[in-house]
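To be precise, the following lines are data34.txt, and they hold compact mmCIF, C-alpha atoms.
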```
# COMPACT_ATOMS: atom_id res chain seq x y z
CA MET U 1 5.57 25.08 -15.55
CA LEU U 2 2.34 26.75 -16.57
CA TYR U 3 0.94 23.57 -18.09
CA LYS U 4 1.72 21.63 -14.92
CA THR U 5 -0.04 24.33 -12.91
CA PHE U 6 -3.01 24.05 -15.22
CA ILE U 7 -3.07 20.27 -14.66
CA SER U 8 -3.10 20.85 -10.91
CA CYS U 9 -5.89 23.45 -11.16
CA SER U 10 -8.08 21.35 -13.42
CA PHE U 11 -7.62 18.26 -11.26
CA ALA U 12 -8.63 20.21 -8.14
CA VAL U 13 -11.77 21.51 -9.87
CA VAL U 14 -12.70 18.04 -11.18
CA ILE U 15 -12.21 16.38 -7.79
CA LEU U 16 -14.25 19.09 -6.09
CA GLY U 17 -17.05 18.71 -8.63
CA ILE U 18 -17.16 14.93 -8.28
CA LEU U 19 -17.24 15.08 -4.49
CA GLN U 20 -19.94 17.74 -4.47
CA SER U 21 -22.05 15.75 -6.91
CA ALA U 22 -21.67 12.66 -4.76
CA ALA U 23 -22.54 14.59 -1.61
CA ASP U 24 -25.66 16.04 -3.18
CA GLY U 25 -26.81 12.58 -4.21
CA PHE U 26 -27.03 13.73 -7.75
CA VAL U 27 -25.95 11.23 -10.39
CA GLY U 28 -26.82 12.86 -13.64
CA ASP U 29 -25.73 12.40 -17.21
CA GLY U 30 -22.93 14.95 -17.03
CA PHE U 31 -19.24 14.40 -16.63
CA ALA U 32 -19.30 13.90 -12.86
CA GLY U 33 -22.33 11.63 -13.12
CA SER U 34 -20.72 9.45 -15.76
CA LEU U 35 -17.63 9.08 -13.59
CA LEU U 36 -19.72 8.13 -10.56
CA LYS U 37 -21.74 5.60 -12.52
CA PHE U 38 -18.66 4.08 -14.10
CA GLY U 39 -18.24 0.49 -12.98
CA SER U 40 -21.46 0.30 -11.00
CA ASN U 41 -24.19 -2.19 -11.80
CA THR U 42 -27.05 -0.07 -10.52
CA LYS U 43 -29.66 0.94 -13.04
CA GLN U 44 -31.78 4.01 -12.69
CA GLU U 45 -35.40 3.82 -13.67
CA MET O 46 25.86 25.30 13.41
CA SER O 47 28.40 25.49 10.66
CA PRO O 48 27.34 24.05 7.35
CA ILE O 49 30.76 22.40 7.04
CA GLY O 50 30.35 18.68 7.40
CA HIS O 51 26.69 18.76 6.51
CA THR O 52 26.87 19.50 2.81
CA LEU O 53 27.08 15.81 1.93
CA VAL O 54 23.90 15.02 3.83
CA TYR O 55 20.66 15.67 2.02
CA PRO O 56 18.47 17.06 3.41
CA ARG O 57 20.68 19.02 5.76
CA ARG O 58 20.47 18.21 9.45
CA ASP O 59 20.92 21.76 10.62
CA ASN O 60 18.08 24.26 10.56
CA ILE O 61 19.97 27.33 9.38
CA TYR O 62 17.79 27.63 6.32
CA LYS O 63 14.78 28.25 8.53
CA LYS O 64 16.31 31.39 10.06
CA LYS O 65 16.94 33.32 6.86
CA GLU O 66 14.76 36.28 5.99
CA ALA O 67 15.09 36.04 2.22
CA LEU O 68 14.72 32.96 0.08
CA PRO O 69 17.50 32.34 -2.45
CA TYR O 70 16.06 30.50 -5.42
CA ASP O 71 19.35 29.41 -6.89
CA GLU O 72 20.10 26.02 -8.30
CA ALA O 73 21.74 23.66 -5.83
CA HIS O 74 25.26 22.73 -6.84
CA SER O 75 26.25 20.12 -4.26
CA ASN O 76 27.45 16.71 -5.38
CA VAL O 77 24.50 15.05 -3.68
CA TRP O 78 22.06 17.20 -5.60
CA LYS O 79 23.82 16.61 -8.89
CA ARG O 80 23.75 12.87 -8.39
CA ARG O 81 20.08 12.89 -7.44
CA LYS O 82 18.97 15.26 -10.15
CA ASN O 83 19.83 13.07 -13.12
CA GLN O 84 17.14 10.45 -12.69
CA GLY O 85 15.61 10.98 -16.10
CA LEU O 86 12.14 9.65 -16.77
CA LYS O 87 11.50 8.62 -13.16
CA ASP O 88 11.86 12.17 -11.86
CA SER O 89 9.85 13.50 -14.77
CA PHE O 90 6.98 11.20 -13.88
CA LYS O 91 7.20 12.19 -10.22
CA GLY O 92 7.21 15.83 -11.28
CA TRP O 93 3.85 15.33 -12.97
CA PHE O 94 2.48 13.14 -10.20
CA VAL O 95 3.22 15.67 -7.47
CA TYR O 96 1.13 18.28 -9.29
CA LEU O 97 -1.77 15.85 -9.61
CA LEU O 98 -1.45 15.06 -5.91
CA ILE O 99 -1.58 18.76 -5.04
CA GLY O 100 -4.76 19.15 -7.08
CA LEU O 101 -6.31 16.10 -5.42
CA ILE O 102 -5.56 17.25 -1.87
CA VAL O 103 -6.66 20.83 -2.53
CA GLY O 104 -9.93 19.60 -4.07
CA ILE O 105 -10.63 17.37 -1.06
CA ILE O 106 -9.87 20.20 1.38
CA ALA O 107 -12.10 22.62 -0.54
CA PHE O 108 -14.91 20.05 -0.49
CA GLY O 109 -14.50 19.47 3.26
CA MET O 110 -14.58 23.21 3.94
CA ASP O 111 -17.70 23.59 1.82
CA GLN O 112 -19.50 20.78 3.62
CA LEU O 113 -18.51 21.97 7.10
CA GLU O 114 -19.61 25.51 6.30
CA ASP O 115 -22.99 24.27 5.01
CA PHE O 116 -23.41 22.15 8.14
CA LEU O 117 -22.79 25.04 10.53
CA VAL O 118 -24.95 27.54 8.63
CA ASP O 119 -27.83 25.08 8.20
CA HIS O 120 -27.87 24.12 11.87
CA ASN O 121 -27.71 27.75 12.95
CA CYS O 122 -30.72 28.55 10.77
CA ASP O 123 -32.53 25.40 11.95
CA LEU O 124 -32.08 26.43 15.58
CA PHE O 125 -33.34 29.92 14.71
CA GLN O 126 -36.47 28.47 13.10
CA TYR O 127 -37.00 26.00 15.95
CA ILE O 128 -37.06 28.78 18.55
CA ILE O 129 -39.51 30.80 16.45
CA ASP O 130 -41.80 27.79 16.10
CA THR O 131 -41.76 26.80 19.79
CA GLU O 132 -41.92 30.17 21.59
CA HIS O 133 -45.65 30.80 21.21
CA GLY O 134 -46.11 32.32 24.66
CA TYR O 135 -44.11 35.47 23.98
CA THR O 136 -45.60 38.63 22.60
CA GLY O 137 -44.22 41.86 21.26
CA TYR O 138 -40.45 42.18 21.03
CA ASN O 139 -39.95 38.90 22.89
CA GLN O 140 -41.23 37.03 19.84
CA ILE O 141 -38.10 37.98 17.91
CA LEU O 142 -35.66 38.64 20.76
CA TRP O 143 -34.76 35.06 21.60
CA PRO O 144 -34.39 33.81 18.01
CA TRP O 145 -32.30 36.89 17.23
CA MET O 146 -30.10 36.30 20.30
CA SER O 147 -29.66 32.67 19.30
CA TYR O 148 -28.61 33.51 15.75
CA VAL O 149 -26.33 36.40 16.64
CA GLY O 150 -24.91 34.55 19.64
CA LEU O 151 -23.87 31.55 17.57
CA CYS O 152 -22.36 33.83 14.92
CA MET O 153 -20.40 35.58 17.67
CA VAL O 154 -19.18 32.24 19.00
CA PHE O 155 -17.97 31.23 15.52
CA GLY O 156 -16.21 34.54 14.97
CA THR O 157 -14.63 34.50 18.43
CA LEU O 158 -13.35 30.95 17.94
CA SER O 159 -11.71 31.83 14.63
CA SER O 160 -10.15 34.95 16.20
CA ILE O 161 -8.80 32.98 19.16
CA MET O 162 -7.33 30.34 16.84
CA THR O 163 -5.64 32.98 14.70
CA THR O 164 -4.29 34.92 17.68
CA TYR O 165 -2.97 32.12 19.84
CA TYR O 166 -2.51 29.03 17.64
CA GLY O 167 -1.67 30.06 14.08
CA PRO O 168 -0.76 33.75 13.76
CA GLY O 169 0.51 33.16 10.24
CA ALA O 170 -3.06 32.63 9.10
CA ALA O 171 -4.03 36.28 9.66
CA GLY O 172 -5.09 38.05 6.51
CA SER O 173 -6.16 36.63 3.21
CA GLY O 174 -2.84 35.05 2.31
CA VAL O 175 -2.63 36.22 -1.29
CA ALA O 176 -0.33 39.17 -0.56
CA GLU O 177 1.90 36.98 1.59
CA MET O 178 1.96 34.36 -1.16
CA ILE O 179 3.06 36.89 -3.77
CA GLY O 180 5.77 38.11 -1.39
CA TYR O 181 6.92 34.55 -0.67
CA LEU O 182 7.12 33.77 -4.39
CA ASN O 183 9.30 36.83 -4.84
CA GLY O 184 11.77 35.85 -2.13
CA VAL O 185 10.40 37.27 1.13
CA ASN O 186 10.33 34.65 3.88
CA TYR O 187 7.13 35.71 5.61
CA PRO O 188 7.16 34.35 9.21
CA ASN O 189 4.82 31.41 9.82
CA PHE O 190 3.51 31.54 6.27
CA ILE O 191 4.10 27.80 5.92
CA GLY O 192 3.26 25.45 8.76
CA VAL O 193 0.84 22.89 10.12
CA ASN O 194 -0.53 25.37 12.66
CA THR O 195 -1.17 27.88 9.91
CA LEU O 196 -2.86 25.25 7.75
CA ILE O 197 -5.22 24.04 10.49
CA THR O 198 -6.01 27.59 11.58
CA LYS O 199 -6.62 28.70 8.02
CA ILE O 200 -9.03 25.84 7.28
CA LEU O 201 -11.04 25.96 10.51
CA GLY O 202 -10.79 29.73 10.92
CA VAL O 203 -12.14 30.48 7.46
CA VAL O 204 -14.99 28.00 7.88
CA LEU O 205 -15.93 29.46 11.28
CA ALA O 206 -15.63 33.06 10.09
CA VAL O 207 -17.75 32.46 7.00
CA SER O 208 -20.29 30.53 9.09
CA GLY O 209 -20.30 33.47 11.52
CA ARG O 210 -21.50 35.65 8.64
CA LEU O 211 -18.46 37.89 8.56
CA CYS O 212 -17.87 39.86 5.38
CA ILE O 213 -15.10 37.63 4.08
CA GLY O 214 -14.68 35.02 1.40
CA LYS O 215 -12.73 31.80 1.18
CA GLU O 216 -11.11 32.40 -2.22
CA GLY O 217 -7.90 34.04 -0.97
CA PRO O 218 -7.52 31.71 2.03
CA LEU O 219 -7.94 28.70 -0.27
CA GLY O 220 -4.99 30.01 -2.26
CA HIS O 221 -2.95 30.15 0.94
CA ILE O 222 -4.11 26.67 1.92
CA GLY O 223 -3.10 25.37 -1.51
CA SER O 224 0.33 26.95 -1.11
CA ILE O 225 0.89 25.19 2.21
CA VAL O 226 -0.29 21.90 0.68
CA GLY O 227 2.12 22.45 -2.21
CA VAL O 228 5.04 22.78 0.20
CA MET O 229 3.98 19.81 2.31
CA VAL O 230 3.40 17.30 -0.49
CA PRO O 231 7.15 16.65 -1.09
CA TYR O 232 7.45 15.75 2.61
CA ILE O 233 4.99 12.84 2.39
CA PRO O 234 7.07 9.85 3.48
CA GLY O 235 7.59 6.92 1.16
CA MET O 236 6.74 8.76 -2.05
CA GLY O 237 10.29 9.44 -3.22
CA PHE O 238 9.87 13.20 -3.37
CA GLU O 239 13.10 13.94 -1.45
CA HIS O 240 14.75 15.64 -4.43
CA MET O 241 11.95 18.26 -4.44
CA ARG O 242 12.69 19.51 -0.94
CA ASN O 243 14.56 22.63 -2.02
CA ASP O 244 13.54 26.25 -2.38
CA LYS O 245 13.52 26.27 -6.14
CA VAL O 246 11.06 23.39 -6.57
CA LYS O 247 9.04 24.39 -3.54
CA ARG O 248 8.49 27.81 -5.06
CA GLU O 249 6.95 26.21 -8.15
CA LEU O 250 4.81 23.94 -5.97
CA ILE O 251 3.65 26.93 -3.90
CA ALA O 252 2.56 28.68 -7.09
CA ALA O 253 0.79 25.54 -8.32
CA GLY O 254 -0.92 24.91 -4.98
CA GLY O 255 -2.07 28.50 -4.63
CA SER O 256 -3.48 28.57 -8.12
CA ALA O 257 -5.18 25.19 -7.52
CA GLY O 258 -6.85 26.63 -4.41
CA VAL O 259 -8.08 29.70 -6.28
CA ALA O 260 -9.26 27.49 -9.16
CA ALA O 261 -11.19 25.25 -6.73
CA ALA O 262 -12.76 28.30 -5.08
CA PHE O 263 -13.97 29.81 -8.35
CA GLY O 264 -14.37 26.59 -10.35
CA ALA O 265 -12.07 28.02 -13.00
CA PRO O 266 -8.97 25.97 -13.91
CA ILE O 267 -7.77 28.34 -16.63
CA GLY O 268 -8.25 31.31 -14.33
CA GLY O 269 -6.25 29.52 -11.63
CA ALA O 270 -3.34 28.91 -13.98
CA LEU O 271 -3.40 32.55 -15.08
CA PHE O 272 -3.48 33.56 -11.41
CA ALA O 273 -0.15 31.78 -10.91
CA TYR O 274 1.21 33.60 -13.96
CA GLU O 275 0.00 36.89 -12.50
CA MET O 276 1.62 36.20 -9.13
CA SER O 277 4.98 35.56 -10.70
CA LYS O 278 4.96 38.86 -12.56
CA SER O 279 5.64 41.09 -9.58
CA THR O 280 9.30 40.84 -10.41
CA ASN O 281 11.17 39.86 -13.49
CA PHE O 282 13.75 37.45 -12.12
CA TRP O 283 11.38 34.54 -11.99
CA THR O 284 8.59 33.73 -14.35
CA PHE O 285 6.96 30.59 -15.60
```

Have the structure of the file written as structure tokens, please.
Amino acid sequence: MLYKTFISCSFAVVILGILQSAADGFVGDGFAGSLLKFGSNTKQE
Amino acid sequence: MSPIGHTLVYPRRDNIYKKKEALPYDEAHSNVWKRRKNQGLKDSFKGWFVYLLIGLIVGIIAFGMDQLEDFLVDHNCDLFQYIIDTEHGYTGYNQILWPWMSYVGLCMVFGTLSSIMTTYYGPGAAGSGVAEMIGYLNGVNYPNFIGVNTLITKILGVVLAVSGRLCIGKEGPLGHIGSIVGVMVPYIPGMGFEHMRNDKVKRELIAAGGSAGVAAAFGAPIGGALFAYEMSKSTNFWTF
């Protein structure tokens, strides 16, 4: 049970971080930035 | 309504379970439950998926609350600055009176709206929600703790109260919101979560949802999981 709860907690934190990064317009080199850039063809100069 | 004649129907058509004051967290022993329980790998996968879904919904709600709160606070401050910049004709106390009245007035409107919502629409949303959640996990059926009215009031009320600059935080209310989401996820139609609509599983989902809300508020997944462990330790008849 505790490991399932941990999965739920970590997923909530990751989703919140990705959405906040997207809302701030920040696409960096971190974890959230790499997820946002995944599959896109845009190149940053 | 007598339960006789309804035991073969799952979920039960009568609403007797809603009137009880204490929550029995016993295993269900009906034939319908026994037949449904032995689904093997399919139920195991759904058991993992429902926890991921709770985390997803709680994260989206926390993000929406954060954005709405930023919107209200920013526009209140922008209006404050706009009045300061445009009222050049006033002197003395009048230079600060109207901006102050604007700022305090909007904060009062936000606080009054959240109070009205809590009083007349969702009375179960009063308080932080953590104490009620611990009581619910230990078998006390707190009235209106779970419900759509409580969920809407909790989300909008906390955003309005925080935007009204009251001395409160959204960490405890996010735990309550996560608990309500945890109960409501098995009732999403078409997902095949019918076998989770019993008190025993819902208690685990409430604990998971509440800890997901606290984790989203603090940005601490390990702390959220330990929070669920802490909540279950008020008594010794149910632990993780």

In the coordinate frame of the file, compute which residues have an atom within 8 Å of (-26.5, 18.7, 0.8) when using only C-alpha atoms, and state them as a ChimeraX atom specification.
/U:23-25 /O:112,115

Give one line per residue of chain O that approaches chain U to at most 10 Å, naming the two atoms of the closest pair and their distance in Å to one decimal, counting all atoms listed in the file; sort by chain then ascending residue number and deliver it as a tab-separated table.
```
residue	atom	partner	partner_atom	distance
O:Gly92	CA	U:Lys4	CA	8.8
O:Trp93	CA	U:Lys4	CA	6.9
O:Phe94	CA	U:Ser8	CA	9.5
O:Val95	CA	U:Ser8	CA	8.9
O:Tyr96	CA	U:Ser8	CA	5.2
O:Leu97	CA	U:Ser8	CA	5.3
O:Leu98	CA	U:Ser8	CA	7.8
O:Ile99	CA	U:Ser8	CA	6.4
O:Gly100	CA	U:Ala12	CA	4.2
O:Leu101	CA	U:Ala12	CA	5.4
O:Ile102	CA	U:Ala12	CA	7.6
O:Val103	CA	U:Ala12	CA	6.0
O:Gly104	CA	U:Ala12	CA	4.3
O:Ile105	CA	U:Leu16	CA	6.4
O:Ile106	CA	U:Leu16	CA	8.7
O:Ala107	CA	U:Leu16	CA	6.9
O:Phe108	CA	U:Leu16	CA	5.7
O:Gly109	CA	U:Leu19	CA	9.3
O:Asp111	CA	U:Gln20	CA	8.9
O:Gln112	CA	U:Gln20	CA	8.7
O:Glu249	CA	U:Met1	CA	7.6
O:Leu250	CA	U:Thr5	CA	8.5
O:Ala252	CA	U:Thr5	CA	7.7
O:Ala253	CA	U:Thr5	CA	4.8
O:Gly254	CA	U:Ser8	CA	7.5
O:Gly255	CA	U:Cys9	CA	9.1
O:Ser256	CA	U:Cys9	CA	6.4
O:Ala257	CA	U:Cys9	CA	4.1
O:Gly258	CA	U:Cys9	CA	7.5
O:Val259	CA	U:Cys9	CA	8.2
O:Ala260	CA	U:Cys9	CA	5.6
O:Ala261	CA	U:Val13	CA	4.9
O:Ala262	CA	U:Val13	CA	8.4
O:Phe263	CA	U:Val13	CA	8.7
O:Gly264	CA	U:Val13	CA	5.7
O:Ala265	CA	U:Val13	CA	7.2
O:Pro266	CA	U:Ser10	CA	4.7
O:Ile267	CA	U:Phe6	CA	6.6
O:Gly268	CA	U:Cys9	CA	8.8
O:Gly269	CA	U:Cys9	CA	6.1
O:Ala270	CA	U:Phe6	CA	5.0
O:Leu271	CA	U:Leu2	CA	8.3
O:Phe272	CA	U:Thr5	CA	10.0
O:Ala273	CA	U:Thr5	CA	7.7
O:Tyr274	CA	U:Leu2	CA	7.4
O:Thr284	CA	U:Met1	CA	9.2
O:Phe285	CA	U:Met1	CA	5.7
```

What gap, in Å, lies between atom CA of O:Ser159 and atom CA of O:His221?
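Atom-to-atom, atom CA of O:Ser159 and atom CA of O:His221 are spaced 16.3 Å apart.
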
Can you list, as number ranges by chain, every protein, DNA or RNA residue that comes within 12 Å of O:Gln126 when you count only C-alpha atoms, leaving out same-chain residues fewer than 6 positions away?
O: 119-120, 132, 140-141, 143-145, 147-148

Tell me, in Å to one decimal, how far atom CA of O:Pro69 is from atom CA of O:Gly180.
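Interatomic distance, atom CA of O:Pro69 to atom CA of O:Gly180: 13.1 Å.
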
Using atom CA of O:Gly217 and atom CA of O:Gly174 as the two end points, give the distance in Å to one decimal.
6.1 Å
